[in-house]
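Note: the block below is target_10.cif and it holds mmCIF, C-alpha atoms and all ligand atoms.
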```
data_query
#
loop_
_atom_site.label_atom_id
_atom_site.label_comp_id
_atom_site.auth_asym_id
_atom_site.auth_seq_id
_atom_site.Cartn_x
_atom_site.Cartn_y
_atom_site.Cartn_z
CA MET A 25 48.44 17.17 40.01
CA ASP A 26 47.15 16.01 36.65
CA ILE A 27 49.46 16.23 33.65
CA HIS A 28 48.52 16.27 29.97
CA GLU A 29 48.51 13.28 27.65
CA TYR A 30 51.57 14.55 25.76
CA GLN A 31 53.47 14.97 29.04
CA ALA A 32 52.48 11.52 30.29
CA LYS A 33 53.57 10.09 26.94
CA GLU A 34 57.02 11.64 27.44
CA ARG A 35 57.30 9.85 30.77
CA PHE A 36 56.15 6.60 29.13
CA ARG A 37 58.70 6.92 26.31
CA SER A 38 61.50 7.50 28.80
CA VAL A 39 60.88 4.06 30.36
CA GLY A 40 60.61 2.35 26.95
CA ILE A 41 56.85 1.99 26.46
CA PRO A 42 56.07 2.01 22.71
CA VAL A 43 54.19 5.27 22.12
CA PRO A 44 53.61 6.84 18.67
CA PRO A 45 55.43 10.17 18.14
CA GLY A 46 53.55 13.41 18.58
CA ARG A 47 53.76 17.15 18.48
CA VAL A 48 51.87 19.70 20.58
CA VAL A 49 50.58 22.78 18.76
CA SER A 50 48.33 25.69 19.60
CA THR A 51 47.22 26.96 16.18
CA PRO A 52 45.50 25.32 13.16
CA GLU A 53 48.43 26.36 10.94
CA GLU A 54 50.95 24.54 13.14
CA ALA A 55 48.64 21.53 13.12
CA GLU A 56 48.71 21.49 9.31
CA VAL A 57 52.51 21.69 9.24
CA ALA A 58 52.86 18.86 11.75
CA ALA A 59 50.40 16.69 9.76
CA GLU A 60 52.38 17.36 6.57
CA GLU A 61 55.58 16.28 8.25
CA TYR A 62 54.09 13.01 9.52
CA GLY A 63 52.29 12.33 6.22
CA GLY A 64 49.23 10.06 6.03
CA THR A 65 46.37 10.13 8.51
CA VAL A 66 46.98 11.86 11.83
CA VAL A 67 44.94 12.16 15.01
CA VAL A 68 44.16 15.62 16.38
CA LYS A 69 43.73 15.36 20.16
CA ALA A 70 42.57 18.00 22.64
CA GLN A 71 45.01 18.38 25.54
CA VAL A 72 42.83 18.86 28.61
CA HIS A 73 42.80 17.18 32.01
CA SER A 74 39.69 15.19 31.28
CA GLY A 75 38.80 11.71 30.14
CA GLY A 76 36.18 11.02 27.49
CA ARG A 77 37.65 13.51 25.05
CA GLY A 78 36.74 11.18 22.20
CA LYS A 79 33.04 11.26 23.15
CA ALA A 80 33.12 15.05 23.50
CA GLY A 81 34.49 15.47 19.97
CA GLY A 82 38.03 16.28 21.11
CA VAL A 83 39.73 13.40 19.23
CA LYS A 84 39.52 13.41 15.42
CA LEU A 85 41.17 11.41 12.67
CA ALA A 86 42.35 13.66 9.82
CA GLU A 87 43.20 12.01 6.46
CA ASP A 88 45.19 14.97 5.14
CA PRO A 89 46.91 18.14 6.42
CA ALA A 90 44.00 20.42 5.39
CA LYS A 91 41.61 18.31 7.50
CA ALA A 92 44.08 18.40 10.38
CA ARG A 93 43.96 22.19 10.22
CA ASP A 94 40.14 22.20 10.14
CA TYR A 95 39.82 19.82 13.08
CA ALA A 96 42.43 21.77 15.05
CA SER A 97 40.47 24.98 14.53
CA GLN A 98 37.30 23.22 15.73
CA ILE A 99 38.96 21.66 18.77
CA LEU A 100 41.08 24.65 19.88
CA GLY A 101 38.86 26.79 22.09
CA MET A 102 36.40 23.96 22.58
CA ASP A 103 34.97 23.39 26.05
CA ILE A 104 35.42 19.82 27.30
CA ASN A 105 33.83 19.07 30.68
CA GLY A 106 34.26 22.71 31.71
CA LEU A 107 37.88 22.97 30.53
CA SER A 108 38.86 25.07 27.57
CA VAL A 109 41.27 23.56 25.03
CA ASP A 110 44.33 25.66 24.14
CA LYS A 111 46.64 22.92 22.84
CA VAL A 112 46.21 19.91 20.57
CA LEU A 113 48.47 16.91 20.05
CA ILE A 114 49.12 15.84 16.46
CA THR A 115 50.09 12.19 16.22
CA PRO A 116 50.26 9.69 13.34
CA ALA A 117 47.12 7.49 13.34
CA GLU A 118 47.55 3.82 14.15
CA ASP A 119 45.60 0.92 12.65
CA ILE A 120 43.77 -0.69 15.51
CA ASP A 121 42.91 -4.38 15.89
CA THR A 122 41.96 -4.45 19.58
CA GLU A 123 41.77 -1.97 22.48
CA ALA A 124 42.64 -3.01 26.04
CA TYR A 125 42.93 -1.18 29.36
CA VAL A 126 45.95 -1.03 31.69
CA GLY A 127 45.94 1.20 34.76
CA VAL A 128 47.66 1.53 38.12
CA VAL A 129 46.54 3.59 41.12
CA ILE A 130 47.44 3.87 44.78
CA ASP A 131 44.81 1.74 46.48
CA ARG A 132 44.45 3.06 50.03
CA LYS A 133 42.88 -0.14 51.35
CA ALA A 134 45.67 -2.31 49.94
CA GLN A 135 48.23 0.38 50.85
CA ALA A 136 49.96 -0.36 47.57
CA ALA A 137 50.09 0.46 43.90
CA THR A 138 47.34 -1.65 42.40
CA PHE A 139 47.00 -2.66 38.77
CA MET A 140 43.76 -3.10 36.91
CA VAL A 141 43.76 -4.56 33.42
CA SER A 142 40.95 -5.42 31.05
CA PRO A 143 40.70 -6.67 27.48
CA GLU A 144 37.71 -4.33 27.20
CA GLY A 145 39.59 -1.09 26.63
CA GLY A 146 38.89 2.20 24.92
CA ILE A 147 35.86 2.81 27.13
CA ASP A 148 35.51 4.13 30.67
CA ILE A 149 36.85 1.48 33.06
CA GLU A 150 34.20 2.47 35.65
CA GLU A 151 31.60 1.31 33.17
CA VAL A 152 33.36 -2.06 32.71
CA LYS A 153 33.43 -2.38 36.52
CA ARG A 154 29.66 -1.95 36.64
CA THR A 155 28.58 -3.95 33.62
CA ASN A 156 31.20 -6.69 33.36
CA PRO A 157 33.41 -6.90 36.48
CA LYS A 158 34.71 -10.33 35.38
CA ALA A 159 36.50 -8.59 32.51
CA ILE A 160 38.89 -6.94 34.99
CA ARG A 161 41.94 -8.45 36.67
CA LYS A 162 43.45 -6.67 39.70
CA LEU A 163 46.78 -7.03 41.42
CA SER A 164 48.49 -5.05 44.21
CA ILE A 165 52.26 -4.69 44.09
CA ASP A 166 54.26 -5.07 47.29
CA PRO A 167 56.52 -1.98 47.32
CA ARG A 168 59.32 -3.96 49.02
CA TYR A 169 59.82 -6.17 45.97
CA GLY A 170 58.43 -4.04 43.16
CA MET A 171 56.77 -5.75 40.24
CA LEU A 172 57.97 -9.33 39.86
CA PRO A 173 58.18 -10.93 36.39
CA HIS A 174 55.44 -13.50 37.00
CA GLN A 175 53.06 -10.74 38.12
CA ALA A 176 53.51 -8.84 34.86
CA TYR A 177 52.89 -12.11 32.95
CA TRP A 178 49.78 -12.89 34.98
CA LEU A 179 48.29 -9.50 34.08
CA ALA A 180 49.40 -9.64 30.43
CA ASN A 181 48.00 -13.15 29.94
CA PHE A 182 44.58 -11.86 30.94
CA LEU A 183 44.71 -9.41 28.04
CA TYR A 184 45.99 -11.59 25.19
CA ASP A 185 45.94 -15.31 24.39
CA ASP A 186 48.56 -14.80 21.69
CA PRO A 187 51.95 -15.32 23.43
CA ASN A 188 53.64 -12.78 21.17
CA LEU A 189 51.18 -10.06 22.20
CA ALA A 190 51.26 -11.16 25.87
CA ASP A 191 55.05 -10.94 25.85
CA GLN A 192 54.96 -7.35 24.59
CA ALA A 193 52.23 -6.48 27.09
CA ARG A 194 54.10 -7.83 30.12
CA LYS A 195 57.06 -5.60 29.25
CA ILE A 196 54.76 -2.59 28.92
CA ILE A 197 53.05 -3.40 32.24
CA ALA A 198 56.42 -3.62 34.03
CA GLN A 199 57.52 -0.37 32.36
CA LEU A 200 54.29 1.33 33.40
CA TYR A 201 55.06 0.39 36.99
CA ASP A 202 58.52 1.99 36.56
CA ALA A 203 57.02 5.17 35.15
CA PHE A 204 54.47 5.24 37.96
CA VAL A 205 57.04 4.89 40.75
CA SER A 206 59.73 7.11 39.22
CA SER A 207 57.19 9.91 38.59
CA GLY A 208 55.71 9.83 42.09
CA ALA A 209 52.35 9.15 40.49
CA GLU A 210 49.09 8.29 42.22
CA MET A 211 47.51 7.18 38.94
CA ALA A 212 48.80 6.11 35.53
CA GLU A 213 46.64 4.74 32.78
CA ILE A 214 46.89 3.46 29.21
CA ASN A 215 43.45 3.42 27.65
CA PRO A 216 43.55 2.09 25.04
CA LEU A 217 46.53 -0.18 24.83
CA ILE A 218 46.15 -1.30 21.23
CA THR A 219 47.22 -4.19 19.06
CA THR A 220 47.89 -3.43 15.40
CA PRO A 221 47.31 -5.69 12.37
CA ALA A 222 51.12 -6.07 12.25
CA GLY A 223 51.02 -7.69 15.69
CA GLU A 224 52.42 -4.80 17.72
CA VAL A 225 51.23 -3.60 21.13
CA LYS A 226 51.30 0.19 21.71
CA ALA A 227 50.02 2.86 24.06
CA ILE A 228 48.00 5.43 22.10
CA ASP A 229 46.57 7.28 25.08
CA ALA A 230 48.25 8.23 28.35
CA LYS A 231 46.93 9.65 31.59
CA MET A 232 48.86 10.40 34.72
CA SER A 233 48.26 12.15 38.01
CA ILE A 234 51.18 13.02 40.28
CA ASP A 235 51.04 13.01 44.07
CA ASP A 236 51.41 16.70 45.06
CA SER A 237 53.67 15.70 47.95
CA GLU A 238 56.16 14.13 45.50
CA LEU A 239 56.61 17.30 43.46
CA PHE A 240 59.18 19.09 45.61
CA ARG A 241 61.81 16.50 44.76
CA ARG A 242 60.86 16.29 41.08
CA PRO A 243 61.17 19.87 39.81
CA ASP A 244 61.08 18.66 36.17
CA ILE A 245 57.60 17.22 36.75
CA ALA A 246 56.44 20.11 38.94
CA GLU A 247 57.15 22.34 35.95
CA MET A 248 54.51 20.46 33.96
CA ARG A 249 51.72 22.07 35.97
CA ASP A 250 49.25 23.80 33.67
CA THR A 251 47.23 26.23 35.76
CA SER A 252 45.00 27.06 32.78
CA SER A 253 43.66 23.52 33.14
CA GLU A 254 42.65 23.63 36.76
CA PRO A 255 39.75 25.47 38.39
CA PRO A 256 40.95 29.04 39.24
CA SER A 257 39.87 28.55 42.88
CA GLU A 258 42.29 25.64 43.24
CA THR A 259 45.21 27.56 41.77
CA LYS A 260 44.49 30.47 44.06
CA ALA A 261 44.19 28.24 47.12
CA ARG A 262 47.45 26.47 46.39
CA GLU A 263 49.31 29.73 45.82
CA ALA A 264 47.94 31.17 49.08
CA GLY A 265 48.97 28.02 50.96
CA LEU A 266 45.40 26.99 51.72
CA SER A 267 44.04 23.49 51.52
CA TYR A 268 40.75 23.78 49.61
CA HIS A 269 38.30 21.37 48.04
CA LYS A 270 35.08 22.51 46.46
CA LEU A 271 31.90 20.59 47.31
CA ASP A 272 28.31 20.94 46.16
CA GLY A 273 26.60 22.58 49.17
CA ASP A 274 25.88 26.19 50.17
CA VAL A 275 27.55 26.66 53.57
CA GLY A 276 31.00 28.15 52.91
CA CYS A 277 33.38 26.89 55.61
CA CYS A 278 36.57 28.62 56.72
CA VAL A 279 38.35 26.63 59.41
CA ASN A 280 41.81 26.34 60.95
CA GLY A 281 43.08 22.77 61.01
CA ALA A 282 42.12 19.85 58.80
CA GLY A 283 40.57 17.86 61.64
CA LEU A 284 38.39 20.75 62.77
CA ALA A 285 37.45 21.41 59.12
CA MET A 286 36.22 17.82 58.80
CA ALA A 287 34.36 18.00 62.13
CA THR A 288 32.74 21.25 60.96
CA MET A 289 31.54 19.64 57.75
CA ASP A 290 30.18 16.69 59.73
CA LEU A 291 28.28 19.02 62.05
CA VAL A 292 26.86 21.00 59.11
CA ALA A 293 25.60 17.70 57.67
CA HIS A 294 24.29 16.68 61.11
CA TYR A 295 22.06 19.77 61.15
CA GLU A 296 20.93 18.87 57.63
CA GLY A 297 22.96 21.52 55.88
CA ASN A 298 25.40 21.07 53.00
CA PRO A 299 29.01 22.27 53.17
CA ALA A 300 30.15 24.17 50.06
CA ASN A 301 33.78 23.32 50.62
CA PHE A 302 36.55 21.98 52.75
CA LEU A 303 38.95 24.81 53.60
CA ASP A 304 41.83 24.70 56.04
CA ILE A 305 43.48 28.10 56.51
CA GLY A 306 46.20 26.48 58.60
CA GLY A 307 47.72 27.75 61.81
CA SER A 308 48.29 31.33 60.78
CA SER A 309 46.10 34.35 61.41
CA ASN A 310 47.67 36.22 58.49
CA PRO A 311 44.95 38.54 57.07
CA ASP A 312 46.20 37.85 53.54
CA LYS A 313 45.30 34.21 53.98
CA VAL A 314 41.87 35.12 55.32
CA VAL A 315 41.34 37.47 52.35
CA ALA A 316 42.33 34.73 49.91
CA ALA A 317 40.05 32.26 51.71
CA LEU A 318 37.09 34.66 51.55
CA GLU A 319 37.73 35.42 47.88
CA ILE A 320 37.78 31.72 47.08
CA ILE A 321 34.64 30.95 49.08
CA THR A 322 32.68 33.88 47.63
CA SER A 323 33.68 33.02 44.05
CA ASP A 324 31.47 29.94 44.39
CA PRO A 325 27.97 31.14 43.37
CA ASN A 326 26.29 28.38 45.43
CA VAL A 327 27.51 29.79 48.74
CA LYS A 328 24.74 31.43 50.83
CA VAL A 329 26.49 31.89 54.15
CA ILE A 330 30.08 31.99 55.41
CA LEU A 331 30.95 30.07 58.53
CA PHE A 332 34.22 30.65 60.38
CA ASN A 333 35.25 28.05 62.91
CA ILE A 334 38.52 28.88 64.62
CA PHE A 335 40.22 27.13 67.48
CA GLY A 336 42.93 29.31 68.97
CA GLY A 337 45.87 27.34 70.29
CA ILE A 338 49.10 28.86 69.11
CA THR A 339 46.94 30.95 66.80
CA ARG A 340 45.55 33.82 68.84
CA CYS A 341 41.82 34.45 68.40
CA ASP A 342 42.25 38.25 68.55
CA ASP A 343 44.72 38.05 65.64
CA VAL A 344 42.21 36.05 63.65
CA ALA A 345 39.42 38.47 64.52
CA ASN A 346 41.53 41.37 63.24
CA GLY A 347 42.35 39.34 60.14
CA ILE A 348 38.67 38.73 59.45
CA ILE A 349 37.82 42.43 59.84
CA GLU A 350 40.69 43.49 57.61
CA ALA A 351 39.64 40.92 55.03
CA ILE A 352 36.01 42.02 55.05
CA GLU A 353 37.11 45.64 54.57
CA LYS A 354 39.21 44.64 51.58
CA ILE A 355 36.54 42.71 49.71
CA ASP A 356 32.88 43.45 49.40
CA ILE A 357 30.86 40.63 50.93
CA GLU A 358 27.08 40.60 50.69
CA LEU A 359 26.69 37.21 52.32
CA PRO A 360 25.91 36.70 56.01
CA ILE A 361 28.96 35.75 58.06
CA VAL A 362 28.88 33.82 61.31
CA ILE A 363 31.98 33.30 63.38
CA ARG A 364 32.94 30.95 66.14
CA LEU A 365 36.20 31.52 67.98
CA THR A 366 37.41 29.75 71.03
CA GLY A 367 40.74 29.37 72.80
CA THR A 368 43.61 31.78 73.34
CA ASN A 369 42.41 35.40 73.80
CA GLU A 370 38.81 34.56 72.85
CA ASP A 371 37.35 37.33 75.05
CA ARG A 372 39.34 40.02 73.26
CA ALA A 373 38.38 38.47 69.92
CA LEU A 374 34.66 38.52 70.71
CA GLU A 375 34.90 42.20 71.71
CA ILE A 376 36.71 43.09 68.51
CA LEU A 377 34.11 41.33 66.38
CA GLU A 378 31.13 42.73 68.26
CA ASP A 379 32.53 46.25 67.96
CA ALA A 380 32.68 45.68 64.22
CA GLY A 381 29.03 44.57 64.19
CA LEU A 382 29.73 40.91 63.49
CA SER A 383 27.97 38.05 65.24
CA ALA A 384 30.40 35.84 67.09
CA TYR A 385 29.94 32.64 69.04
CA THR A 386 32.03 30.38 71.22
CA SER A 387 29.86 27.29 70.81
CA MET A 388 30.46 25.25 67.70
CA ASP A 389 27.01 23.68 67.95
CA GLU A 390 25.26 27.05 68.03
CA VAL A 391 27.23 28.61 65.19
CA VAL A 392 26.71 25.65 62.87
CA LYS A 393 22.97 25.59 63.61
CA LYS A 394 22.85 29.32 62.85
CA ALA A 395 24.78 28.92 59.59
CA VAL A 396 22.51 26.12 58.36
CA GLU A 397 19.45 28.20 59.30
CA LEU A 398 20.75 31.24 57.36
CA ALA A 399 21.55 29.10 54.32
CA GLY A 400 18.03 27.66 54.42
CA ALA A 401 16.48 31.10 54.69
CA ALA A 402 18.50 32.58 51.81
P1 LIG B 501 39.90 9.74 25.36
O1 LIG B 501 38.55 9.63 24.73
O2 LIG B 501 40.08 11.04 26.05
O3 LIG B 501 40.19 8.57 26.24
O4 LIG B 501 40.99 9.70 24.13
P2 LIG B 501 41.73 8.48 23.41
O5 LIG B 501 43.10 8.89 23.08
O6 LIG B 501 41.62 7.24 24.23
O7 LIG B 501 40.94 8.31 22.06
C1 LIG B 501 39.60 7.89 22.03
C2 LIG B 501 39.39 6.85 20.95
O8 LIG B 501 39.74 7.40 19.69
C3 LIG B 501 40.24 5.61 21.10
O9 LIG B 501 39.68 4.67 21.98
C4 LIG B 501 40.30 5.10 19.67
O10 LIG B 501 39.16 4.31 19.40
C5 LIG B 501 40.25 6.38 18.86
N1 LIG B 501 41.63 6.69 18.43
C6 LIG B 501 42.55 7.42 19.09
N2 LIG B 501 43.72 7.42 18.44
C7 LIG B 501 43.54 6.65 17.35
C8 LIG B 501 44.39 6.24 16.25
O11 LIG B 501 45.60 6.54 16.18
N3 LIG B 501 43.83 5.46 15.28
C9 LIG B 501 42.54 5.08 15.33
N4 LIG B 501 42.07 4.31 14.35
N5 LIG B 501 41.71 5.43 16.32
C10 LIG B 501 42.21 6.20 17.32
MN MN B 502 41.56 7.14 26.40
#
```
Would you encode the structure as structure tokens?
Ligand code: GDP
Ligand code: MN
Amino acid sequence: MDIHEYQAKERFRSVGIPVPPGRVVSTPEEAEVAAEEYGGTVVVKAQVHSGGRGKAGGVKLAEDPAKARDYASQILGMDINGLSVDKVLITPAEDIDTEAYVGVVIDRKAQAATFMVSPEGGIDIEEVKRTNPKAIRKLSIDPRYGMLPHQAYWLANFLYDDPNLADQARKIIAQLYDAFVSSGAEMAEINPLITTPAGEVKAIDAKMSIDDSELFRRPDIAEMRDTSSEPPSETKAREAGLSYHKLDGDVGCCVNGAGLAMATMDLVAHYEGNPANFLDIGGSSNPDKVVAALEIITSDPNVKVILFNIFGGITRCDDVANGIIEAIEKIDIELPIVIRLTGTNEDRALEILEDAGLSAYTSMDEVVKKAVELAGAA
């Protein structure tokens, strides 16, 4: 789950990272009032779950409160990478000498939280990786020991030659690790970490993504979820208890079990088709879940065919067949549907589907071939 910059900054402050103050507002008038209270130049920053807001025009320096109001009215309602802005952060502007990058993610290969730091901050770190990989230093942290003092120094010394700046940075790096672990994060990033002419090191941007599986024991963080900032299909899937990921293809897949869902996508690709999604409806044959799954799949305009692939173990195929029919009656579906069911009560299931005029298969190979063919013909 992504959280907003202002929320990540709260987490950062709570572990002691120096972060300028800020106030979140949702109207130009409130922006003006906040700018008046801070006095001087402020930054007006779009609060959306997207990087590169600066490039998209979502970060503006306002010299006076009237400008802050104008920029807020431009930025509120703006579309940034497909996300609409309904809140802006007003924060006093800092004087910047240098911009560095500090980030930590769960690295699956290293099986550990892994830091990446670079003196080339303020820009997309992926770009630094491509163009100047030597400007990045990486370090994985052994979770048994946590971050050790020399490790924080080693990273900080890569950013700054000046020992005063390096000393501030190593504290911030250790604090970022604290924030990362205590928040159950899978990613935390300061970009840029700035130095000021007065010789201070500060975090002026903050990004954080929380591991969904950590949320149940952190209700205060779970509350930070902003459903207006996620694709509606993902909200709907989560609320219906479905595991869904949108992809770029045109074969809509509805499968029970994550392993079978992956195998289905592989087979679609094997027959030179393109899956439109990963969707695991889980072990239940609850028609409500099937309805939700179909609504999500059909809301993707790229989908040309719907492919069900159900393996009935504890789930009974006849229950699923009834669920599919009930679902199709509830929502209008123009798209061709092909269904493969095998396992417990498959004979009854095939009868039910055939009676309803639906084409059903027991062979996974055949049904996938058929689905790819229909997608190609559409
Ligand atoms: P992002 O584009 O979404 O990563 O948003 P950032 O918060 O990182 O802001 C983008 C850029 O705007 C930064 O790299 C800075 O160059 C600039 N910027 C942001 N805040 C300030 C500030 O307080 N003072 C100054 N001078 N520039 C700022
Ligand atoms: Mn940034």
Anything within 12 Å of (36.5, 41.5, 68.2): list those residues as a VMD selection string, counting only C-alpha atoms and sticking to the file's coordinates.
-> chain A and resid 340 to 350 363 to 365 369 to 385
Around the point (40.1, 5.4, 30.2), in the coordinates given by the file, pick out the residues reaching within 12 Å, counting all atoms listed in the file, and return them as number ranges by chain.
-> A: 29, 74-79, 123-128, 140-142, 144-152, 211-217, 227-232
Hey, can you spit out that residue selection with C-alpha atoms as an mmCIF file, in the frame of the given file?
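Output contents, as saved in part_19.cif:
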```cif
data_model
loop_
_atom_site.group_PDB
_atom_site.id
_atom_site.type_symbol
_atom_site.label_atom_id
_atom_site.label_comp_id
_atom_site.auth_asym_id
_atom_site.auth_seq_id
_atom_site.Cartn_x
_atom_site.Cartn_y
_atom_site.Cartn_z
ATOM 1 C CA GLU A 29 48.510 13.280 27.650
ATOM 2 C CA SER A 74 39.690 15.190 31.280
ATOM 3 C CA GLY A 75 38.800 11.710 30.140
ATOM 4 C CA GLY A 76 36.180 11.020 27.490
ATOM 5 C CA ARG A 77 37.650 13.510 25.050
ATOM 6 C CA GLY A 78 36.740 11.180 22.200
ATOM 7 C CA LYS A 79 33.040 11.260 23.150
ATOM 8 C CA GLU A 123 41.770 -1.970 22.480
ATOM 9 C CA ALA A 124 42.640 -3.010 26.040
ATOM 10 C CA TYR A 125 42.930 -1.180 29.360
ATOM 11 C CA VAL A 126 45.950 -1.030 31.690
ATOM 12 C CA GLY A 127 45.940 1.200 34.760
ATOM 13 C CA VAL A 128 47.660 1.530 38.120
ATOM 14 C CA MET A 140 43.760 -3.100 36.910
ATOM 15 C CA VAL A 141 43.760 -4.560 33.420
ATOM 16 C CA SER A 142 40.950 -5.420 31.050
ATOM 17 C CA GLU A 144 37.710 -4.330 27.200
ATOM 18 C CA GLY A 145 39.590 -1.090 26.630
ATOM 19 C CA GLY A 146 38.890 2.200 24.920
ATOM 20 C CA ILE A 147 35.860 2.810 27.130
ATOM 21 C CA ASP A 148 35.510 4.130 30.670
ATOM 22 C CA ILE A 149 36.850 1.480 33.060
ATOM 23 C CA GLU A 150 34.200 2.470 35.650
ATOM 24 C CA GLU A 151 31.600 1.310 33.170
ATOM 25 C CA VAL A 152 33.360 -2.060 32.710
ATOM 26 C CA MET A 211 47.510 7.180 38.940
ATOM 27 C CA ALA A 212 48.800 6.110 35.530
ATOM 28 C CA GLU A 213 46.640 4.740 32.780
ATOM 29 C CA ILE A 214 46.890 3.460 29.210
ATOM 30 C CA ASN A 215 43.450 3.420 27.650
ATOM 31 C CA PRO A 216 43.550 2.090 25.040
ATOM 32 C CA LEU A 217 46.530 -0.180 24.830
ATOM 33 C CA ALA A 227 50.020 2.860 24.060
ATOM 34 C CA ILE A 228 48.000 5.430 22.100
ATOM 35 C CA ASP A 229 46.570 7.280 25.080
ATOM 36 C CA ALA A 230 48.250 8.230 28.350
ATOM 37 C CA LYS A 231 46.930 9.650 31.590
ATOM 38 C CA MET A 232 48.860 10.400 34.720
#
```
With all atoms listed in the file as the atoms that count, which of A:Thr251, A:Thr368, A:Ser387, A:Asn301 lies nearest to A:Asn333?
->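 Checking each candidate against A:Asn333, we get A:Ser387 as the closest.
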Shell of 10 Å around A:Ala134, only C-alpha atoms, local chain residues under 3 positions omitted, as an NGL selection string | :A and (130-131 or 137-138 or 163-166)
A:Lys394, A:Lys226, A:Arg35, A:Arg168: which is nearest A:Thr122, counting all atoms listed in the file?
->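 Among the listed residues, A:Lys226 lies closest to A:Thr122.
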Quick one: of A:Pro311, A:Pro255, A:Gly281, A:Pro167, who's nearest to A:Asp324, counting only C-alpha atoms?
-> A:Pro255
In Å to one decimal, how far is atom CA of A:Phe36 from atom CA of A:Pro221?
-> 22.6 Å
What is the distance, in Å and to one decimal place, between atom CA of A:Ile357 and atom CA of A:Ser108?
-> 29.2 Å
Can you pull out every residue within 9 Å of A:Lys313, counting only C-alpha atoms, but drop anything in the same chain fewer than 3 positions away, and send it as a ChimeraX atom specification?
-> /A:264-266,305,308-310,316-318,347,351
One decimal, Å: what's the distance from atom O4 of ligand LIG 501 (chain B) over to atom CA of A:Asn188, could you say?
->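 Taking atom O4 of ligand LIG 501 (chain B) as the start and atom CA of A:Asn188 as the end point, the length is 26.0 Å.
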Out of A:Lys69, A:Lys91, A:Lys133, A:His174, which residue has the shortest atom-to-atom distance to A:Ile197 when counting only C-alpha atoms?
->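 Closest to A:Ile197 of all the choices is A:His174.
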Might you pull out every residue within 6 Å of stretch 53-59 of chain A, with all atoms listed in the file counted and same-chain residues fewer than 4 positions away left off, and present them as a PDB file with C-alpha atoms, keeping the file's coordinate frame?
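Output saved as out-v2.pdb:
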```pdb
ATOM      1  CA  VAL A  49      50.580  22.780  18.760  1.00  0.00           C
ATOM      2  CA  GLY A  63      52.290  12.330   6.220  1.00  0.00           C
ATOM      3  CA  PRO A  89      46.910  18.140   6.420  1.00  0.00           C
ATOM      4  CA  ALA A  92      44.080  18.400  10.380  1.00  0.00           C
ATOM      5  CA  ARG A  93      43.960  22.190  10.220  1.00  0.00           C
TER       6      ARG A  93
END
```
Test item: residues at most 8 Å from A:Ser257, only C-alpha atoms, excluding those fewer than 4 positions along its chain, as JSON, numbers by chain | {"A": [261, 320, 323]}
Residues near stretch 234-237 of chain A, cut-off 8 Å, only C-alpha atoms, skip fewer than 3 positions along chain, as a PDB file with C-alpha atoms, keeping the file's coordinate frame:
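Saved the output as result-v7.pdb:
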```
ATOM      1  CA  MET A  25      48.440  17.170  40.010  1.00  0.00           C
ATOM      2  CA  ASP A  26      47.150  16.010  36.650  1.00  0.00           C
ATOM      3  CA  ILE A  27      49.460  16.230  33.650  1.00  0.00           C
ATOM      4  CA  SER A 207      57.190   9.910  38.590  1.00  0.00           C
ATOM      5  CA  GLY A 208      55.710   9.830  42.090  1.00  0.00           C
ATOM      6  CA  ALA A 209      52.350   9.150  40.490  1.00  0.00           C
ATOM      7  CA  GLU A 210      49.090   8.290  42.220  1.00  0.00           C
ATOM      8  CA  MET A 211      47.510   7.180  38.940  1.00  0.00           C
ATOM      9  CA  PHE A 240      59.180  19.090  45.610  1.00  0.00           C
TER      10      PHE A 240
END
```
As lines of an AutoDock Vina configuration file: centre and edge lengths in Å, one decimal, of the axis-aligned box holding stretch 238-257 of chain A with 3 Å per side:
```
center_x = 50.8
center_y = 21.6
center_z = 39.2
size_x = 28.1
size_y = 20.9
size_z = 18.8
```
Using the structure block above, produce a file of stretch 70-78 of chain A that contains N, CA and C atoms, as a compact mmCIF listing (two decimals), in the first residue's frame.
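Full text of part18.txt as output:
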```
# COMPACT_ATOMS: atom_id res chain seq x y z
N ALA A 70 1.59 18.53 -4.98
CA ALA A 70 0.49 17.58 -5.22
C ALA A 70 0.70 16.33 -4.38
N GLN A 71 -0.36 15.86 -3.72
CA GLN A 71 -0.27 14.62 -2.96
C GLN A 71 -0.95 13.50 -3.76
N VAL A 72 -0.14 12.83 -4.55
CA VAL A 72 -0.61 11.65 -5.30
C VAL A 72 0.44 10.56 -5.19
N HIS A 73 0.00 9.32 -5.38
CA HIS A 73 0.94 8.19 -5.28
C HIS A 73 1.70 8.04 -6.59
N SER A 74 2.56 9.00 -6.86
CA SER A 74 3.31 8.95 -8.10
C SER A 74 4.60 9.71 -7.92
N GLY A 75 5.67 9.22 -8.52
CA GLY A 75 6.91 9.98 -8.54
C GLY A 75 6.86 10.98 -9.67
N GLY A 76 7.92 11.75 -9.83
CA GLY A 76 8.00 12.68 -10.95
C GLY A 76 6.93 13.75 -10.94
N ARG A 77 6.46 14.12 -9.74
CA ARG A 77 5.44 15.17 -9.68
C ARG A 77 6.02 16.49 -10.14
N GLY A 78 7.31 16.71 -9.80
CA GLY A 78 7.97 17.95 -10.20
C GLY A 78 7.90 18.14 -11.71
```
